[in-house]
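Let me begin by presenting the structure, written as C-alpha cells, before commenting on it.
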Amino acid sequence: MTENESQFEVHDKEALAHARSIMNATESPRAWAQEVIAAVKRNEAWRGERCINLLAPEAPTSPMVRALLSSEIGTRAAEGHIGRVNRWFAGTQYIDEVEALCVELLKTAFRCNYADHRLMGSMLGNMTVYHALTQPGDVIMSAPQPFGGHSSNRYDGPAGTRGVKIVDVPFNMDELEVDLEAFAKLARQHKPKLVVMGMSMTLFPLPVREMSEIIAEWGGKFIFDGAHQAGLIAGGQFQDPLNEGAAVLTGSAGKTFSGPQSGMILWNDPLLTRPIADTIFPALAATHQVNRVAALAVSAAEMIEFGKFYMAQIVKNSKALAKALDERGIPVLGAHKGYSQSHQVIARVKQFGGGLEVAHRLAQANIITNKNLVPEDKPEDWDRPSGLRMGTIEATRLGMNEADMVTIAEFIARVLVKGEDPEIVGKDAMDFRLPKQTLYYNFDHEYPAWVKM
Ligand SMILES: *Cc1c(COP(=O)(O)O)cnc(C)c1O
C-alpha cells in the first residue's frame with residue numbers, strides 16, 4: 001500500500017484534521033465532550049433559530065416528539081414482534097403498549113391494514129421491499145435520478161445490493177411526468193416483478209392506477225416509495241397510493257410526516273405480512289429505538305389531528321413560493337401546471353451559476369436549500385447540477401403563510417437576480433426569521449393566529 005492509499009478517506013480530510021486539532025489542544029475528554037455540545041448548540045442557534053430552512057426533506061419535530069426522543073424508554077431493548085411470547089426479553093409490557101399504539105396510530109393515519117414501526121430509515125423500508133419481494137436477477141423498473149428518482153431504487157442503493165436488474169421508467173422531458181405510452185411498451189417487454197416509484201423531486205401525483213393495471217397483467221407489483229410524500233398522503237393532500245393499486249407504501253417519518261427521522265412501511269394484503277415482517281425482524285432491525293417509536297406514535301397522532309390543515313398549507317405555500325420566484329425571474333418547473341401539488345419547488349438556476357454555487361450563496365444569506373438534478377441534466381452532473389430544490393415544510397410549521405412565501409422569494413431574488421451581497425440579505429432574512437420560533441400543528445401549539453378556524 002502506498003502512503004496515499006493508507007490514508008484513504010471518504011470524509012473531508014480538513015474536517016477530520018480540524019476535529020483532531022481540537023482534541024490535541026487539550027487532553028481532557030470532558031473538554032472534548034463540551035466541544036461536541038458547543039457544535040450542537042451552534043447548529044441550533046443558526047439552523048434552528050436564524051435560518052429560513054427550505055430543505056425539502058427536513059421537518060422540525062414538535063416539542064412533545066423532541067422530548068420523547070430523550071426519554072428513558074430509549075435505553076431499553078425490545079427485540080422481536082410485539083407481545084409477551086414474541087419478545088426475547090421479559091419486562092416489556094409497557095414497551096408493548098407503546099409499540100402497539102404506534103402500529104395502530106400509523107394504520108389510522110394512513111387508512112391501511114398493516115404498518116411496521118421498526119425501520120430506522122426509509123432506506124431500510126426499501127431494503128425490506130427488495131428483500132421480501134424480489135430474488136437476485138429479477139427485473140424491476142424505477143425512476144432515473146434526473147427525473148427525481150432516488151438511489152434507494154437504483155444500482156447504488158438497496159435495489160442494487162439485492163442484485164436486481166433495473167429498467168428505467170420513461171419520463172416525459174418537460175412535464176416531470178411518466179410517459180405512460182412508452183412505459184406500457186417497455187413494461188410489457190421486460191415484465192418487471194416490481195415497479196418502484198420513489199421520487200425525491202416530486203411536484204405532482206403519479207399515475208399509480210394506470211401503471212398498476214399494466215403490470216397486473218403478469219402479476220407485477222407497484223411499490224410507492226413515499227419517503228417525501230408520506231405526510232401529504234396521510235393528510236389527504238396528495239394521492240392515496242394504497243387505494244390506487246400500490247401493494248406497499250414506504251415512507252420517511254421525518255420528511256413531510258414531520259416526526260422523528262426514521263422509516264415506515266404500510267400495506268393492506270395479509271399475504272405480504274409474513275415476508276415483510278420476517279425481513280424487518282430479524283434481518284434489518286433488532287434494537288429499534290423504542291424512544292423513537294414513542295415519538296413516531298405521537299407524530300402519527302399529530303398527523304391524524306392536524307395533518308389535513310398542516311399539509312394543505314404546505315402545498316399552498318409551495319405554490320405561492322414558486323409563483324413568486326417565477327414572477328421575479330427565477331424559472332421554476334411545473335409553472336404551466338399550477339407549479340406544485342407537493343411541498344417542493346424546483347428552480348432552474350444554471351443562469352445564476354448552477355445548483356451548487358447558488359445553494360452555497362443562499363446559505364450565506366441564511367437561506368438553506370440544496371442543489372438538484374433537473375430533467376436536462378445527466379447523472380454525471382451529480383456534483384454540479386443545474387437545479388435547486390426547495391421545500392416548505394419547516395416554514396409552514398413555523399406558522400408561515402403565502403404572504404411570507406413572497407417575502408422569502410424576494411430575499412432569494414435579491415441574491416440571485418439583483419446580485420446583492422448575500423451577507424446583507426442574510427441580515428434581513430435573519431430579522432424576518434428570528435421572531436418566528438413557535439412550532440404549530442401539534443398539541444402544544446395548535447394553529448397560528450392568522451388561521452381563522
Ligand atoms: C429520502 C428518501 C429516501 C430515504 O429515506 P430515509 O428516511 O432518509 O432513509 C428513500 N427514498 C426516497 C425517494 C427519498 O427521497
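Letters A, B, ... mark the chains of the C-alpha cells in the order given; residue numbers begin at 1 per chain; ligand numbers begin at 1, in order shown.
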### Message
Just want the residues within 6 Å of ligand 1, written as a ChimeraX atom specification, counting only C-alpha atoms and all ligand atoms.
### Response
/A:121-123,150,152,198-200,225,227-228,252,262-263
Shell of 7 Å around A:Asn268, only C-alpha atoms, local chain residues under 3 positions omitted, as a PDB file with all heavy atoms, in the first residue's frame:
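Done, and the output landed in result_36.pdb:
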```pdb
ATOM      1  N   CYS A 112     -54.895   2.144   6.482  1.00  0.00           N
ATOM      2  CA  CYS A 112     -54.490   0.855   5.893  1.00  0.00           C
ATOM      3  C   CYS A 112     -54.526  -0.250   6.946  1.00  0.00           C
ATOM      4  O   CYS A 112     -54.733   0.019   8.132  1.00  0.00           O
ATOM      5  CB  CYS A 112     -53.111   0.978   5.262  1.00  0.00           C
ATOM      6  SG  CYS A 112     -51.818   1.312   6.457  1.00  0.00           S
ATOM      7  N   ASN A 113     -54.304  -1.484   6.502  1.00  0.00           N
ATOM      8  CA  ASN A 113     -54.461  -2.636   7.402  1.00  0.00           C
ATOM      9  C   ASN A 113     -53.205  -3.001   8.188  1.00  0.00           C
ATOM     10  O   ASN A 113     -53.296  -3.593   9.243  1.00  0.00           O
ATOM     11  CB  ASN A 113     -54.887  -3.868   6.598  1.00  0.00           C
ATOM     12  CG  ASN A 113     -56.246  -3.692   5.961  1.00  0.00           C
ATOM     13  OD1 ASN A 113     -57.034  -2.855   6.412  1.00  0.00           O
ATOM     14  ND2 ASN A 113     -56.529  -4.452   4.918  1.00  0.00           N
ATOM     15  N   TYR A 114     -52.039  -2.708   7.628  1.00  0.00           N
ATOM     16  CA  TYR A 114     -50.794  -3.102   8.289  1.00  0.00           C
ATOM     17  C   TYR A 114     -49.771  -1.975   8.261  1.00  0.00           C
ATOM     18  O   TYR A 114     -49.691  -1.232   7.262  1.00  0.00           O
ATOM     19  CB  TYR A 114     -50.159  -4.324   7.604  1.00  0.00           C
ATOM     20  CG  TYR A 114     -50.997  -5.574   7.687  1.00  0.00           C
ATOM     21  CD1 TYR A 114     -51.826  -5.945   6.631  1.00  0.00           C
ATOM     22  CD2 TYR A 114     -50.963  -6.373   8.824  1.00  0.00           C
ATOM     23  CE1 TYR A 114     -52.608  -7.090   6.707  1.00  0.00           C
ATOM     24  CE2 TYR A 114     -51.733  -7.520   8.908  1.00  0.00           C
ATOM     25  CZ  TYR A 114     -52.556  -7.874   7.854  1.00  0.00           C
ATOM     26  OH  TYR A 114     -53.316  -8.998   7.941  1.00  0.00           O
TER      27      TYR A 114
END
```
### Non-local contacts of A:Gly254 (12 Å; only C-alpha atoms; under 5 positions in same chain excluded) as a ChimeraX atom specification
/A:56-62,65-66,120-122,226-231,259-264,292,295-296,299-300,393-394
Within 9 Å of stretch 39-48 of chain A, which residues of stretch 335-452 of chain A show up? Give each one with its shortest atom-to-atom distance in Å (one decimal) and the two atoms involved, counting only C-alpha atoms, rows by chain then rising residue number, as a tab-separated table.
```
residue	atom	partner	partner_atom	distance
A:Asn366	CA	A:Trp46	CA	8.2
A:Ile368	CA	A:Arg47	CA	8.5
A:Gln437	CA	A:Gly48	CA	8.6
```
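Compared by their closest atoms to A:Asn370, and using only C-alpha atoms, the residues A:Gly354, A:Gly80, A:Gly235, A:Gly219 rank with A:Gly354 nearest.
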### Task
Report as a VMD selection string: the residues of stretch 26-199 of chain A with a DSSP assignment of alpha helix (DSSP H), based on the backbone of this structure.
chain A and resid 29 to 43 63 to 68 93 to 110 122 to 133 158 to 162 180 to 190
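Residue nearest A:Phe171, chosen from A:Glu9, A:Asp138, A:Glu410, A:Glu376 and counting only C-alpha atoms: A:Glu376.
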Compile the contact shell of A:Ala395 as an mmCIF file with C-alpha atoms, in the first residue's frame: residues with an atom at most 10 Å away, counting only C-alpha atoms, same-chain residues fewer than 2 positions apart removed.
```cif
data_model
loop_
_atom_site.group_PDB
_atom_site.id
_atom_site.type_symbol
_atom_site.label_atom_id
_atom_site.label_comp_id
_atom_site.auth_asym_id
_atom_site.auth_seq_id
_atom_site.Cartn_x
_atom_site.Cartn_y
_atom_site.Cartn_z
ATOM 1 C CA ILE A 52 -35.006 30.103 6.654
ATOM 2 C CA ASN A 53 -34.801 26.353 6.104
ATOM 3 C CA LEU A 54 -36.125 25.391 2.709
ATOM 4 C CA LEU A 55 -34.603 21.917 2.650
ATOM 5 C CA ALA A 59 -39.178 18.916 9.204
ATOM 6 C CA PRO A 60 -38.975 20.331 12.714
ATOM 7 C CA ILE A 314 -47.596 23.265 2.955
ATOM 8 C CA ASN A 317 -47.046 27.710 0.453
ATOM 9 C CA GLY A 391 -39.443 22.790 0.324
ATOM 10 C CA THR A 392 -41.963 24.482 2.582
ATOM 11 C CA ILE A 393 -42.327 22.031 5.481
ATOM 12 C CA ARG A 397 -44.695 24.507 10.721
ATOM 13 C CA LEU A 398 -43.272 27.810 11.953
ATOM 14 C CA GLY A 399 -46.652 29.321 11.114
ATOM 15 C CA MET A 400 -45.810 30.994 7.805
ATOM 16 C CA ASN A 401 -48.394 31.519 5.077
ATOM 17 C CA ASP A 404 -44.411 35.018 3.950
ATOM 18 C CA MET A 405 -43.500 32.989 0.859
ATOM 19 C CA ILE A 408 -38.805 34.697 1.099
ATOM 20 C CA ARG A 433 -36.905 34.577 10.903
ATOM 21 C CA LYS A 436 -40.840 33.106 14.349
ATOM 22 C CA LEU A 439 -43.858 25.344 16.005
#
```
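For the atom pair formed by atom CA of A:His336 and atom CA of A:Gln239, the distance is 20.2 Å, given to one decimal.
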### Task
Looking only at strand (DSSP E or B) from DSSP on the backbone, list the matching residues of stretch 303-358 of chain A as an MDAnalysis selection string.
chainID A and resid 332 344:348
Those selected residues, please, written with N, CA and C atoms and delivered as a PDB file, in the first residue's frame.
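Result file follows (part37.pdb):
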```pdb
ATOM      1  N   VAL A 332     -39.062  28.193 -12.701  1.00  0.00           N
ATOM      2  CA  VAL A 332     -39.355  27.006 -11.894  1.00  0.00           C
ATOM      3  C   VAL A 332     -40.050  25.958 -12.760  1.00  0.00           C
ATOM      4  N   GLN A 344     -42.714  20.820  -2.536  1.00  0.00           N
ATOM      5  CA  GLN A 344     -41.469  21.206  -3.212  1.00  0.00           C
ATOM      6  C   GLN A 344     -41.647  22.268  -4.295  1.00  0.00           C
ATOM      7  N   VAL A 345     -40.533  22.985  -4.485  1.00  0.00           N
ATOM      8  CA  VAL A 345     -40.394  23.923  -5.595  1.00  0.00           C
ATOM      9  C   VAL A 345     -39.044  23.613  -6.227  1.00  0.00           C
ATOM     10  N   ILE A 346     -39.014  23.461  -7.550  1.00  0.00           N
ATOM     11  CA  ILE A 346     -37.750  23.165  -8.227  1.00  0.00           C
ATOM     12  C   ILE A 346     -37.436  24.317  -9.195  1.00  0.00           C
ATOM     13  N   ALA A 347     -36.296  24.963  -8.980  1.00  0.00           N
ATOM     14  CA  ALA A 347     -35.912  26.084  -9.844  1.00  0.00           C
ATOM     15  C   ALA A 347     -34.773  25.672 -10.766  1.00  0.00           C
ATOM     16  N   ARG A 348     -34.764  26.265 -11.949  1.00  0.00           N
ATOM     17  CA  ARG A 348     -33.639  26.087 -12.879  1.00  0.00           C
ATOM     18  C   ARG A 348     -32.690  27.257 -12.656  1.00  0.00           C
TER      19      ARG A 348
END
```
### Task
Give the answer as one residue: which of A:Ser258, A:Gln289, A:Gln135, A:Thr202 has the shortest atom-to-atom distance to A:Thr75, using only C-alpha atoms?
A:Gln289
